Each structure stands twice: as C-alpha cells, then as structure tokens.
$ cat entry-v2.csv   # CSV, C-alpha atoms and all ligand atoms
chain,number,residue,atom,x,y,z
I,18,MET,CA,13.5,4.8,5.6
I,19,GLU,CA,15.2,1.6,4.3
I,20,GLY,CA,13.1,-0.3,1.9
I,21,LEU,CA,10.1,2.0,2.3
I,22,THR,CA,10.8,5.5,1.2
I,23,HIS,CA,11.7,4.6,-2.4
I,24,PRO,CA,11.1,7.1,-5.2
I,25,ALA,CA,7.6,5.9,-5.9
I,26,PHE,CA,6.5,6.5,-2.3
I,27,ARG,CA,8.4,9.8,-2.1
I,28,ALA,CA,6.6,11.1,-5.2
I,29,LEU,CA,3.2,10.1,-3.8
I,30,MET,CA,3.9,11.9,-0.6
I,31,ALA,CA,5.4,14.9,-2.3
I,32,GLU,CA,2.4,15.3,-4.6
I,33,ARG,CA,0.0,15.1,-1.7
I,34,GLY,CA,1.8,18.1,-0.1
I,35,GLY,CA,2.7,19.6,3.2
I,36,ILE,CA,6.4,18.5,2.9
I,37,GLY,CA,9.5,20.8,2.7
I,38,VAL,CA,12.1,18.2,1.8
I,39,VAL,CA,12.0,14.5,1.1
I,40,CYS,CA,14.8,12.1,2.2
I,41,THR,CA,16.2,9.0,0.7
I,42,GLU,CA,16.9,5.9,2.7
I,43,PHE,CA,20.7,5.4,3.3
I,44,VAL,CA,22.9,4.5,0.3
I,45,ARG,CA,25.5,2.2,1.6
I,46,ILE,CA,29.0,3.3,0.6
I,47,THR,CA,31.6,0.6,1.2
I,48,ARG,CA,35.3,0.3,0.3
I,49,ALA,CA,34.3,-1.0,-3.1
I,50,PRO,CA,34.3,1.5,-6.0
I,51,VAL,CA,31.3,3.8,-5.7
I,52,SER,CA,28.5,2.9,-8.1
I,53,LEU,CA,27.2,5.8,-10.0
I,54,LYS,CA,24.3,3.7,-11.2
I,55,LEU,CA,23.3,2.9,-7.6
I,56,LEU,CA,23.5,6.5,-6.6
I,57,ARG,CA,21.4,7.7,-9.6
I,58,ARG,CA,18.7,5.2,-8.7
I,59,HIS,CA,18.4,6.8,-5.3
I,60,VAL,CA,18.4,10.3,-6.7
I,61,GLY,CA,14.9,9.8,-8.1
I,62,LYS,CA,13.5,13.2,-7.5
I,63,PRO,CA,9.8,14.2,-7.2
I,64,ALA,CA,9.1,17.3,-9.4
I,65,GLY,CA,9.5,20.5,-7.6
I,66,MET,CA,10.5,18.9,-4.3
I,67,PRO,CA,14.0,19.2,-2.7
I,68,LEU,CA,15.7,15.9,-2.1
I,69,SER,CA,18.1,15.0,0.6
I,70,VAL,CA,20.3,12.0,-0.3
I,71,GLN,CA,21.7,10.0,2.6
I,72,VAL,CA,25.0,8.1,2.4
I,73,MET,CA,26.3,5.7,5.0
I,74,GLY,CA,29.9,4.5,5.3
I,75,ASN,CA,33.2,5.2,6.9
I,76,ASP,CA,35.7,5.1,4.1
I,77,LEU,CA,37.0,8.6,3.7
I,78,ASP,CA,37.8,8.5,0.0
I,79,ASN,CA,34.6,6.8,-1.0
I,80,MET,CA,32.4,8.9,1.1
I,81,ALA,CA,34.0,12.0,-0.4
I,82,GLU,CA,33.5,10.6,-3.9
I,83,ALA,CA,29.9,9.6,-3.2
I,84,THR,CA,29.3,13.2,-2.0
I,85,GLU,CA,30.5,14.6,-5.2
I,86,LEU,CA,28.6,12.1,-7.3
I,87,VAL,CA,25.3,12.7,-5.4
I,88,THR,CA,25.8,16.4,-5.9
I,89,ALA,CA,26.4,16.0,-9.6
I,90,ALA,CA,23.3,13.7,-9.9
I,91,GLY,CA,21.0,16.4,-8.7
I,92,ALA,CA,20.5,16.1,-5.0
I,93,ASP,CA,19.6,19.2,-3.0
I,94,VAL,CA,21.1,18.1,0.3
I,95,VAL,CA,23.7,15.5,1.2
I,96,ASP,CA,23.3,13.8,4.5
I,97,ILE,CA,25.5,11.3,6.4
I,98,ASN,CA,23.8,8.5,8.4
I,99,LEU,CA,25.2,8.5,11.9
I,100,GLY,CA,22.2,6.7,13.5
I,101,CYS,CA,21.5,3.3,11.9
I,102,PRO,CA,21.3,0.9,14.8
I,103,ALA,CA,21.3,-2.3,12.8
I,104,PRO,CA,23.8,-4.9,14.2
I,105,LYS,CA,25.3,-5.3,10.7
I,106,ALA,CA,25.9,-1.6,10.3
I,107,VAL,CA,27.5,-1.4,13.8
I,108,ARG,CA,29.7,-4.5,13.0
I,109,LYS,CA,31.0,-2.6,10.0
I,110,GLY,CA,31.7,0.5,12.0
I,111,VAL,CA,29.1,2.7,10.1
I,112,GLY,CA,25.8,4.4,11.0
I,113,SER,CA,25.5,4.7,14.8
I,114,ALA,CA,28.9,3.1,15.4
I,115,LEU,CA,30.5,6.3,14.3
I,116,LEU,CA,29.0,8.1,17.3
I,117,ARG,CA,31.8,6.3,19.3
I,118,ASP,CA,34.6,7.6,17.1
I,119,ARG,CA,34.4,11.4,17.0
I,120,ALA,CA,37.8,11.7,15.3
I,121,LEU,CA,36.8,9.6,12.3
I,122,LEU,CA,33.3,11.2,12.3
I,123,GLY,CA,34.9,14.7,12.1
I,124,ARG,CA,37.2,13.6,9.3
I,125,LEU,CA,34.3,12.1,7.3
I,126,VAL,CA,32.2,15.3,7.5
I,127,THR,CA,35.3,17.4,6.7
I,128,VAL,CA,36.1,15.4,3.5
I,129,MET,CA,32.4,15.5,2.5
I,130,ARG,CA,32.3,19.2,3.1
I,131,GLU,CA,35.2,19.7,0.7
I,132,ARG,CA,33.3,17.9,-2.1
I,133,THR,CA,30.0,19.6,-2.2
I,134,HIS,CA,28.6,23.1,-2.4
I,135,LEU,CA,25.1,21.8,-1.3
I,136,PRO,CA,23.8,22.0,2.2
I,137,LEU,CA,25.5,19.1,4.1
I,138,SER,CA,23.8,17.5,7.1
I,139,ALA,CA,24.2,14.7,9.5
I,140,LYS,CA,21.5,12.5,11.1
I,141,ILE,CA,22.5,11.5,14.6
I,142,ARG,CA,21.1,9.6,17.5
I,143,ALA,CA,21.6,10.7,21.1
I,144,GLY,CA,24.6,8.5,21.5
I,145,PHE,CA,25.7,4.9,21.2
I,146,ASP,CA,24.9,3.6,24.7
I,147,ASP,CA,25.0,6.8,26.6
I,148,ALA,CA,23.6,10.2,25.7
I,149,SER,CA,26.0,12.3,27.8
I,150,ALA,CA,28.3,13.1,24.8
I,151,VAL,CA,25.5,14.2,22.4
I,152,VAL,CA,26.6,17.9,22.5
I,153,ASP,CA,30.2,17.0,21.8
I,154,ILE,CA,29.1,14.7,18.9
I,155,ALA,CA,27.0,17.4,17.4
I,156,ARG,CA,29.7,20.0,17.8
I,157,THR,CA,32.1,17.7,16.0
I,158,VAL,CA,29.7,17.6,13.1
I,159,GLN,CA,29.2,21.3,13.2
I,160,ASP,CA,32.9,22.2,13.4
I,161,ALA,CA,33.6,19.9,10.5
I,162,GLY,CA,31.4,22.1,8.3
I,163,ALA,CA,27.9,20.6,8.4
I,164,ASP,CA,25.1,23.1,7.7
I,165,PHE,CA,22.5,21.5,9.9
I,166,ILE,CA,21.9,18.4,12.0
I,167,THR,CA,19.0,16.1,12.5
I,168,VAL,CA,18.7,14.3,15.8
I,169,HIS,CA,16.6,11.2,16.7
I,170,PRO,CA,17.0,11.3,20.4
I,171,ARG,CA,17.3,7.7,21.3
I,172,ARG,CA,20.6,5.9,21.9
I,173,ARG,CA,21.6,3.2,19.5
I,174,THR,CA,21.1,0.6,22.3
I,175,ASP,CA,17.5,1.7,22.6
I,176,PHE,CA,16.8,0.8,19.0
I,177,TYR,CA,13.1,2.0,18.9
I,178,ARG,CA,12.2,1.2,22.5
I,179,GLY,CA,11.0,3.7,25.0
I,180,VAL,CA,10.3,7.3,24.0
I,181,ALA,CA,12.4,9.8,22.0
I,182,ASP,CA,13.7,12.3,24.5
I,183,TRP,CA,12.9,15.6,23.0
I,184,ARG,CA,14.8,17.4,25.7
I,185,ILE,CA,17.9,16.4,23.8
I,186,ILE,CA,16.7,18.2,20.7
I,187,GLU,CA,16.3,21.3,22.8
I,188,ARG,CA,19.7,20.9,24.4
I,189,LEU,CA,21.3,20.7,20.9
I,190,GLN,CA,19.3,23.6,19.7
I,191,ARG,CA,20.7,25.7,22.5
I,192,ALA,CA,24.3,24.5,22.2
I,193,LEU,CA,24.8,24.7,18.4
I,194,THR,CA,25.1,27.6,16.0
I,195,ILE,CA,23.7,25.5,13.1
I,196,PRO,CA,20.0,24.7,12.8
I,197,VAL,CA,18.7,21.5,14.5
I,198,VAL,CA,15.9,19.4,12.9
I,199,GLY,CA,14.0,17.3,15.5
I,200,ASN,CA,12.9,13.7,14.9
I,201,GLY,CA,11.2,11.0,16.8
I,202,ASP,CA,7.7,10.0,17.8
I,203,ALA,CA,5.7,12.8,16.3
I,204,TRP,CA,2.8,10.4,15.9
I,205,TYR,CA,0.1,13.0,15.4
I,206,ALA,CA,0.3,16.2,13.5
I,207,ALA,CA,-0.1,18.1,16.7
I,208,ASP,CA,3.0,16.4,18.1
I,209,ALA,CA,5.1,18.0,15.3
I,210,LEU,CA,3.9,21.5,16.3
I,211,ARG,CA,4.5,20.6,20.0
I,212,MET,CA,8.0,19.4,19.2
I,213,ARG,CA,8.9,22.7,17.6
I,214,ALA,CA,7.4,24.7,20.4
I,215,GLU,CA,9.0,22.7,23.2
I,216,THR,CA,12.5,22.3,21.6
I,217,GLY,CA,12.9,25.3,19.3
I,218,CYS,CA,14.0,23.0,16.5
I,219,VAL,CA,13.7,24.6,13.0
I,220,ALA,CA,11.9,21.7,11.4
I,221,VAL,CA,10.6,18.3,12.2
I,222,MET,CA,11.5,15.1,10.4
I,223,VAL,CA,8.7,12.5,10.3
I,224,GLY,CA,9.4,8.9,9.6
I,225,ARG,CA,7.2,6.0,10.9
I,226,PRO,CA,4.2,8.3,11.7
I,227,ALA,CA,3.9,9.1,8.0
I,228,LEU,CA,3.6,5.4,7.2
I,229,ARG,CA,0.9,5.0,9.8
I,230,ASN,CA,-0.8,8.3,8.7
I,231,PRO,CA,0.2,9.3,5.1
I,232,TRP,CA,-1.8,12.5,5.5
I,233,ILE,CA,0.2,13.7,8.5
I,234,PHE,CA,2.1,16.3,6.6
I,235,LEU,CA,-1.1,17.8,5.2
I,236,GLN,CA,-2.5,17.9,8.7
I,237,ILE,CA,0.6,19.6,10.0
I,238,GLU,CA,0.2,22.2,7.3
I,239,ALA,CA,-3.5,22.7,8.2
I,240,LEU,CA,-2.7,23.1,11.9
I,241,GLN,CA,-0.2,25.8,11.0
I,242,GLY,CA,-3.1,27.8,9.6
I,243,ALA,CA,-3.9,26.4,6.2
I,244,GLY,CA,-7.4,25.3,7.1
I,245,GLU,CA,-9.3,22.4,8.7
I,246,PRO,CA,-7.1,19.2,9.0
I,247,LEU,CA,-8.2,16.3,7.0
I,248,ARG,CA,-9.7,13.4,9.0
I,249,PRO,CA,-9.0,10.3,6.9
I,250,SER,CA,-11.5,7.5,6.6
I,251,GLY,CA,-11.3,3.9,5.6
I,252,ARG,CA,-12.0,5.0,2.0
I,253,ASP,CA,-8.9,7.2,2.1
I,254,LEU,CA,-6.8,4.3,3.3
I,255,VAL,CA,-8.0,2.1,0.5
I,256,ALA,CA,-7.4,4.8,-2.1
I,257,HIS,CA,-3.9,5.3,-0.7
I,258,LEU,CA,-3.2,1.5,-1.0
I,259,ASP,CA,-4.5,1.5,-4.6
I,260,GLU,CA,-2.4,4.5,-5.5
I,261,LEU,CA,0.7,3.0,-3.8
I,262,ALA,CA,0.2,-0.3,-5.7
I,263,ARG,CA,-0.2,1.6,-9.0
I,264,ARG,CA,3.0,3.6,-8.5
I,265,CYS,CA,5.0,0.7,-7.1
I,266,GLY,CA,3.8,-1.4,-10.1
I,267,GLU,CA,5.9,0.9,-12.3
I,268,ALA,CA,9.1,0.2,-10.4
I,269,PHE,CA,8.7,-3.2,-8.7
I,270,SER,CA,7.9,-6.8,-9.6
I,271,GLU,CA,4.4,-8.2,-8.6
I,272,ARG,CA,6.2,-9.7,-5.5
I,273,GLY,CA,7.8,-6.3,-4.8
I,274,VAL,CA,4.5,-4.5,-4.9
I,275,LEU,CA,2.9,-7.1,-2.6
I,276,GLY,CA,5.8,-6.6,-0.1
I,277,GLN,CA,5.3,-2.9,-0.2
I,278,LEU,CA,1.6,-3.1,0.3
I,279,LYS,CA,2.0,-5.4,3.2
I,280,GLU,CA,4.6,-3.1,4.8
I,281,ALA,CA,2.2,-0.2,4.3
I,282,LEU,CA,-0.6,-2.2,5.8
I,283,VAL,CA,1.4,-3.1,8.9
I,284,TYR,CA,1.7,0.6,9.7
I,285,LEU,CA,-1.7,1.7,8.5
I,286,GLY,CA,-3.2,-1.1,10.5
I,287,ARG,CA,-2.1,0.6,13.7
I,288,ALA,CA,-4.6,3.3,13.1
I,289,VAL,CA,-7.4,0.7,13.2
I,290,PRO,CA,-8.8,-0.1,16.7
I,291,PRO,CA,-7.5,-3.3,18.3
I,292,GLY,CA,-9.9,-6.2,18.3
I,293,GLU,CA,-12.0,-7.5,15.5
I,294,LEU,CA,-11.1,-4.7,13.1
I,295,ARG,CA,-7.4,-5.1,13.7
I,296,GLU,CA,-7.8,-8.9,13.2
I,297,GLY,CA,-9.3,-7.9,9.8
I,298,VAL,CA,-6.0,-6.2,8.9
I,299,ARG,CA,-4.1,-9.3,9.9
I,300,ALA,CA,-6.3,-11.3,7.6
I,301,ILE,CA,-5.5,-8.9,4.7
I,302,LEU,CA,-1.8,-9.5,5.4
I,303,ARG,CA,-2.3,-13.2,4.8
I,304,GLU,CA,-3.5,-12.6,1.2
I,305,ALA,CA,-1.1,-13.8,-1.5
I,306,THR,CA,-1.6,-11.4,-4.4
I,307,VAL,CA,-1.7,-7.7,-5.0
I,308,GLU,CA,-5.2,-8.0,-6.3
I,309,ALA,CA,-6.4,-10.0,-3.3
I,310,VAL,CA,-4.8,-7.5,-0.8
I,311,LEU,CA,-6.5,-4.6,-2.5
I,312,GLU,CA,-9.8,-6.4,-2.7
I,313,ALA,CA,-9.7,-7.5,1.0
I,314,SER,CA,-8.6,-4.0,2.0
I,315,ALA,CA,-11.6,-2.5,0.3
I,316,ARG,CA,-13.9,-5.1,1.9
I,317,ARG,CA,-12.5,-5.0,5.4
I,318,ILE,CA,-11.4,-1.4,6.0
I,319,GLY,CA,-13.0,0.6,3.2
I,320,SER,CA,-16.2,1.3,5.1
I,321,LEU,CA,-14.5,2.4,8.3
I,322,ASP,CA,-15.6,5.8,9.5
I,323,ALA,CA,-13.0,8.5,10.2
I,324,ALA,CA,-14.1,8.4,13.8
I,325,GLN,CA,-13.1,4.8,14.0
I,326,LEU,CA,-9.6,5.5,13.0
I,327,ASP,CA,-6.8,6.9,15.2
I,328,LEU,CA,-5.8,9.4,12.6
I,329,ALA,CA,-7.0,12.7,13.9
I,330,ALA,CA,-4.5,15.6,13.7
I,331,GLU,CA,-4.8,16.3,17.4
I,332,GLY,CA,-4.6,12.7,18.5
I,333,GLY,CA,-7.8,12.7,20.4
I,334,ALA,CA,-9.6,10.2,22.7
I,335,LEU,CA,-7.5,7.1,21.8
I,336,GLU,CA,-4.4,8.9,22.9
I,337,SER,CA,-5.4,8.8,26.6
I,338,SER,CA,-6.2,5.1,26.4
I,339,GLY,CA,-2.5,4.3,26.4
I,340,ARG,CA,-2.3,3.6,22.7
I,341,VAL,CA,0.4,6.2,22.2
I,342,ASP,CA,2.7,4.3,24.6
I,343,GLN,CA,2.2,1.2,22.5
I,344,LEU,CA,2.8,3.1,19.3
I,345,ARG,CA,6.2,4.4,20.6
I,346,ASP,CA,7.5,0.9,20.5
I,347,ILE,CA,6.7,0.4,16.8
I,348,ALA,CA,9.9,-0.2,14.8
T,401,LIG,C1,12.2,0.5,8.8
T,401,LIG,C2,13.0,1.7,9.1
T,401,LIG,C3,14.0,2.1,8.2
T,401,LIG,C4,14.7,3.3,8.5
T,401,LIG,N1,15.7,3.7,7.6
T,401,LIG,C5,16.4,4.8,7.9
T,401,LIG,C6,17.4,5.2,7.0
T,401,LIG,O1,17.7,4.6,5.9
T,401,LIG,N2,18.1,6.4,7.3
T,401,LIG,C7,17.8,7.1,8.4
T,401,LIG,O2,18.4,8.1,8.7
T,401,LIG,N3,16.9,6.7,9.3
T,401,LIG,C8,16.2,5.5,9.1
T,401,LIG,N4,15.2,5.1,10.0
T,401,LIG,C9,15.0,5.9,11.2
T,401,LIG,C10,14.0,7.0,11.0
T,401,LIG,O3,14.4,7.9,10.0
T,401,LIG,C11,13.7,7.8,12.2
T,401,LIG,O4,14.9,8.4,12.7
T,401,LIG,C12,13.1,7.0,13.4
T,401,LIG,O5,12.2,6.1,12.9
T,401,LIG,C13,12.5,7.9,14.4
T,401,LIG,O6,11.6,8.8,13.8
T,401,LIG,P1,10.0,8.6,13.7
T,401,LIG,O7,9.4,8.4,15.1
T,401,LIG,O8,9.5,9.8,13.0
T,401,LIG,O9,9.9,7.3,12.9
T,401,LIG,C14,14.5,4.0,9.7
T,401,LIG,C15,13.5,3.6,10.6
T,401,LIG,C16,12.7,2.4,10.3
T,401,LIG,C17,11.7,2.0,11.3
$ encode --input "entry-v2.csv" --output "structure tokens" --more "lines below"
Ligand SMILES: Cc1cc2nc3c(=O)[nH]c(=O)nc-3n(C[C@H](O)[C@H](O)[C@H](O)COP(=O)(O)O)c2cc1C
Amino acid sequence: MEGLTHPAFRALMAERGGIGVVCTEFVRITRAPVSLKLLRRHVGKPAGMPLSVQVMGNDLDNMAEATELVTAAGADVVDINLGCPAPKAVRKGVGSALLRDRALLGRLVTVMRERTHLPLSAKIRAGFDDASAVVDIARTVQDAGADFITVHPRRRTDFYRGVADWRIIERLQRALTIPVVGNGDAWYAADALRMRAETGCVAVMVGRPALRNPWIFLQIEALQGAGEPLRPSGRDLVAHLDELARRCGEAFSERGVLGQLKEALVYLGRAVPPGELREGVRAILREATVEAVLEASARRIGSLDAAQLDLAAEGGALESSGRVDQLRDIA
C-alpha cells in the first residue's frame, strides 16, 4: 500500500508470521527510462518471505523492461496494478484506467509475460464505473498469460466507499482457469476464512485491516488450526509502535518516522472504542516528535485491556454495534 508497506513494515510483519507472500506498493513506470535504482529500492526483501513487486504504467516497452529488471533484482512475483483509483493515475491512463482499455491491457500483460519466468499476476478492481465486464477483463488478463489474478471487488468510482462485493470474487473463481486471490474488507481474521469459504478463492490479500490489526495474519493462522488466536492489548499496540519506530528509524528521517507512526496510529486508533479513549488517540496525533508520540501512546493506550479493543479474531460484540459498517468506509 502506497507509502505504508515499505520494506521496514514488510519485514516487521513477515517476522511476526502468518503471511505467505508480502507485496510492495506500486512502482510507477512512466515513459522515462526505467530506474534500476528505484526498482531495487522496492525489492527490499524480508528474509525467507516471497515478495511480489507491483508495477504500474501503460508504456509497453518500459513495462516490459521493468518486468525484466524486477525479475533480475530478486522478486518472486511480478504484479501489474490495474486498480489504483487515484485521479492522477486515471488521468495518466494507468492503474484502474486500464480497466477501460482491454486491448492495451492485454498487450501489457503479454509483453510482461515475455520478459519473466516468474509468476505474473494482475491486481484488478471490479471495473471502472460498472462491474458488468469484470469477467471479460479477468479473461483478458488470463489469456495474455497471467498466472493468477487478485480482485478488490469495488469499482474505481467507488474508491473505498460501500462494501467489497465478494460475490464478484466467486464469479471470477468460477469463470477463470487461473487461481483467484480475494481482497477487500476482511477486517477480522474470521472474515478472511469466511471469504475463502464463500468465494472459493485460493488466498486472501489483506491491506488496511493489517494496519488496524497488525496481528491479523497470526490470528488467521490460529483460526486455521494453529492454536488460540492472540487477543492484542494496549501494551501490544505500544510495543508495535515502538518496534515500527525503531525499524523506520533505520530507513527514514525523524520526520519520516513521525509520519509513519501517525499513519499507523490513524488505523490502530480505529480499534479503540469511540469516545474518550478515541479522543486520546487524536491527542497523540497532535504530538510533534517521535519521542512524544511514543510516550503519549504508552500513557494513553498502553494500559487498555484486550477486551476494550476491537481486535478479536472473530470480531465479537462490537461488530453488531454497526462499527463494521463504519470501518468499511476507511480509506
Ligand atoms: C493508502 C492506500 C494505499 C494503497 N496502495 C496500493 C498499491 O500501491 N497497490 C495496490 O495494488 N493497492 C493499493 N491499495 C489498495 C489495497 O491494496 C486494497 O486493494 C484495498 O485497500 C482493499 O483491501 P483491504 O480492505 O484489505 O484494504 C491501497 C489502499 C490504500 C488505502
């Protein structure tokens, strides 16, 4: 995820466990010469963990070259971004804009296929402004040689509004011969299992929910039979922030670390009940230094009980209070 799932964060999550593959944010490939230095920076690979590197662009030659360079740099999967909804991406005809141009999309995947022996995948949305062509889009990707496809079943025009329509994951799973990875709104560990059961997808990609609950992958693993799922407490949240700050400190400036901590807190804060405690998280976000953020976090959320946090693997009582519907609108 752009700006958030940098190598330091990926390494932290990979070491914690429960993950099969980690993914980079998109690497923008323009018409300018492809920068090997930029690509190498993204191919920061946690030890022992397969890495999928995502490229986003629409220039056939440069996307093909980027595929070859990413392969040589040590990626395990090459992925093309066909889902970015940002107005800037759409204006440039990349990301989700390509969902409207199946001919170009097919050619892009074809030239990328020719330049890598690695698994090649595409990350799509349900469509640009209409989901009726999603099977045709996915078949175009499949016929051009992709090995699997990941779908976030919202249209570009939805951005992050509403609810991911998991029925689309199931529709693709039935229509395609290549494996389908489901994505979208698996806010609790139990949701990931439910997505697999309801749609038949081979795997689940988890984005924002892992920022809200960085233990979600471990919980998913536990629900699959590896033991009792962890129920994180305020102390765990604070330890996570400390560790994130330490690791980011090796890669970012003080200002960069502060930005990362605040981004993390925005998501983690949504596990804190609304009202006074959530206000406390807002107060932490007003702190101006890394040290002050960590100190205020320890003071304001460090003593919260696991039962006060909406981080149970199964979802639990807070789910029925309508919080899940609010969560679905988080971008
Ligand atoms: C801040 C942010 C950055 C994102 N960056 C990327 C990206 O670089 N590449 C990508 O394929 N998806 C990106 N996404 C989309 C997510 O990967 C995912 O498809 C979407 O959030 C729905 O899944 P989730 O409910 O598990 O988060 C981003 C989403 C957010 C909120």
$ closest_residue --input "entry-v2.csv" --among "I:Pro196, I:Pro104, I:Gly201, I:Gly276" --to "ligand LIG 401 (chain T)" --atoms "only C-alpha atoms and all ligand atoms"
I:Gly201
$ residues_near_point --input "entry-v2.csv" --point "(15.6, 4.5, 21.1)" --cutoff "9 Å" --atoms "all atoms listed in the file" --output "list in words"
Arg142, Ala143, His169, Pro170, Arg171, Arg172, Arg173, Thr174, Asp175, Phe176, Tyr177, Arg178, Gly179, Val180, Ala181, Asp182, Gly201 and Asp346 of chain I
$ closest_atom_pairs --input "entry-v2.csv" --of "range 157-275 of chain I" --to "range 52-75 of chain I" --cutoff "12 Å" --atoms "all atoms listed in the file" --output "JSON lines"
{"residue": "I:Thr167", "atom": "CA", "partner": "I:Gln71", "partner_atom": "CA", "distance": 11.9}
{"residue": "I:Met222", "atom": "CA", "partner": "I:Ser69", "partner_atom": "CA", "distance": 11.8}
{"residue": "I:Ala268", "atom": "CA", "partner": "I:Arg58", "partner_atom": "CA", "distance": 11.0}
$ atom_distance --input "entry-v2.csv" --atom1 "CA of Phe43 in chain I" --atom2 "CA of Gly20 in chain I"
9.6 Å
$ residues_near_ligand --input "entry-v2.csv" --ligand "ligand LIG 401 (chain T)" --cutoff "6 Å" --atoms "all atoms listed in the file" --output "JSON, numbers by chain"
{"I": [18, 19, 42, 43, 98, 140, 169, 200, 201, 202, 203, 223, 224, 225, 226, 348]}
$ write_last_selection --input "entry-v2.csv" --atoms "C-alpha atoms" --output "PDB file, in the coordinates of the input"
ATOM      1  CA  MET I  18      13.500   4.800   5.600  1.00  0.00           C
ATOM      2  CA  GLU I  19      15.200   1.600   4.300  1.00  0.00           C
ATOM      3  CA  GLU I  42      16.900   5.900   2.700  1.00  0.00           C
ATOM      4  CA  PHE I  43      20.700   5.400   3.300  1.00  0.00           C
ATOM      5  CA  ASN I  98      23.800   8.500   8.400  1.00  0.00           C
ATOM      6  CA  LYS I 140      21.500  12.500  11.100  1.00  0.00           C
ATOM      7  CA  HIS I 169      16.600  11.200  16.700  1.00  0.00           C
ATOM      8  CA  ASN I 200      12.900  13.700  14.900  1.00  0.00           C
ATOM      9  CA  GLY I 201      11.200  11.000  16.800  1.00  0.00           C
ATOM     10  CA  ASP I 202       7.700  10.000  17.800  1.00  0.00           C
ATOM     11  CA  ALA I 203       5.700  12.800  16.300  1.00  0.00           C
ATOM     12  CA  VAL I 223       8.700  12.500  10.300  1.00  0.00           C
ATOM     13  CA  GLY I 224       9.400   8.900   9.600  1.00  0.00           C
ATOM     14  CA  ARG I 225       7.200   6.000  10.900  1.00  0.00           C
ATOM     15  CA  PRO I 226       4.200   8.300  11.700  1.00  0.00           C
ATOM     16  CA  ALA I 348       9.900  -0.200  14.800  1.00  0.00           C
TER      17      ALA I 348
END
$ atom_distance --input "entry-v2.csv" --atom1 "CA of Ala313 in chain I" --atom2 "CA of Val255 in chain I"
9.8 Å
$ atom_distance --input "entry-v2.csv" --atom1 "CA of Ala89 in chain I" --atom2 "CA of Gly123 in chain I"
23.3 Å
$ residues_around --input "entry-v2.csv" --residues "Val126 in chain I" --least-positions-apart "5" --cutoff "7 Å" --atoms "only C-alpha atoms" --output "list of chain:residue names"
I:Val158, I:Ala161, I:Gly162, I:Ala163
$ residues_around --input "entry-v2.csv" --residues "Ala139 in chain I" --least-positions-apart "3" --cutoff "6 Å" --atoms "only C-alpha atoms" --output "PyMOL selection string"
chain I and resi 96-97+166
$ residues_around --input "entry-v2.csv" --residues "range 210-216 of chain I" --least-positions-apart "3" --cutoff "10 Å" --atoms "all atoms listed in the file" --output "ChimeraX atom specification"
/I:183-191,197-203,205-207,219-221,237-238,240-241
$ closest_residue --input "entry-v2.csv" --among "I:Gln325, I:Ser113, I:Asn79, I:Thr22" --to "Leu294 in chain I" --atoms "all atoms listed in the file"
I:Gln325
$ residues_around --input "entry-v2.csv" --residues "Trp204 in chain I" --least-positions-apart "5" --cutoff "10 Å" --atoms "only C-alpha atoms" --output "JSON, numbers by chain"
{"I": [209, 223, 224, 225, 226, 227, 229, 230, 233, 328, 330, 331, 332, 341, 344, 345]}
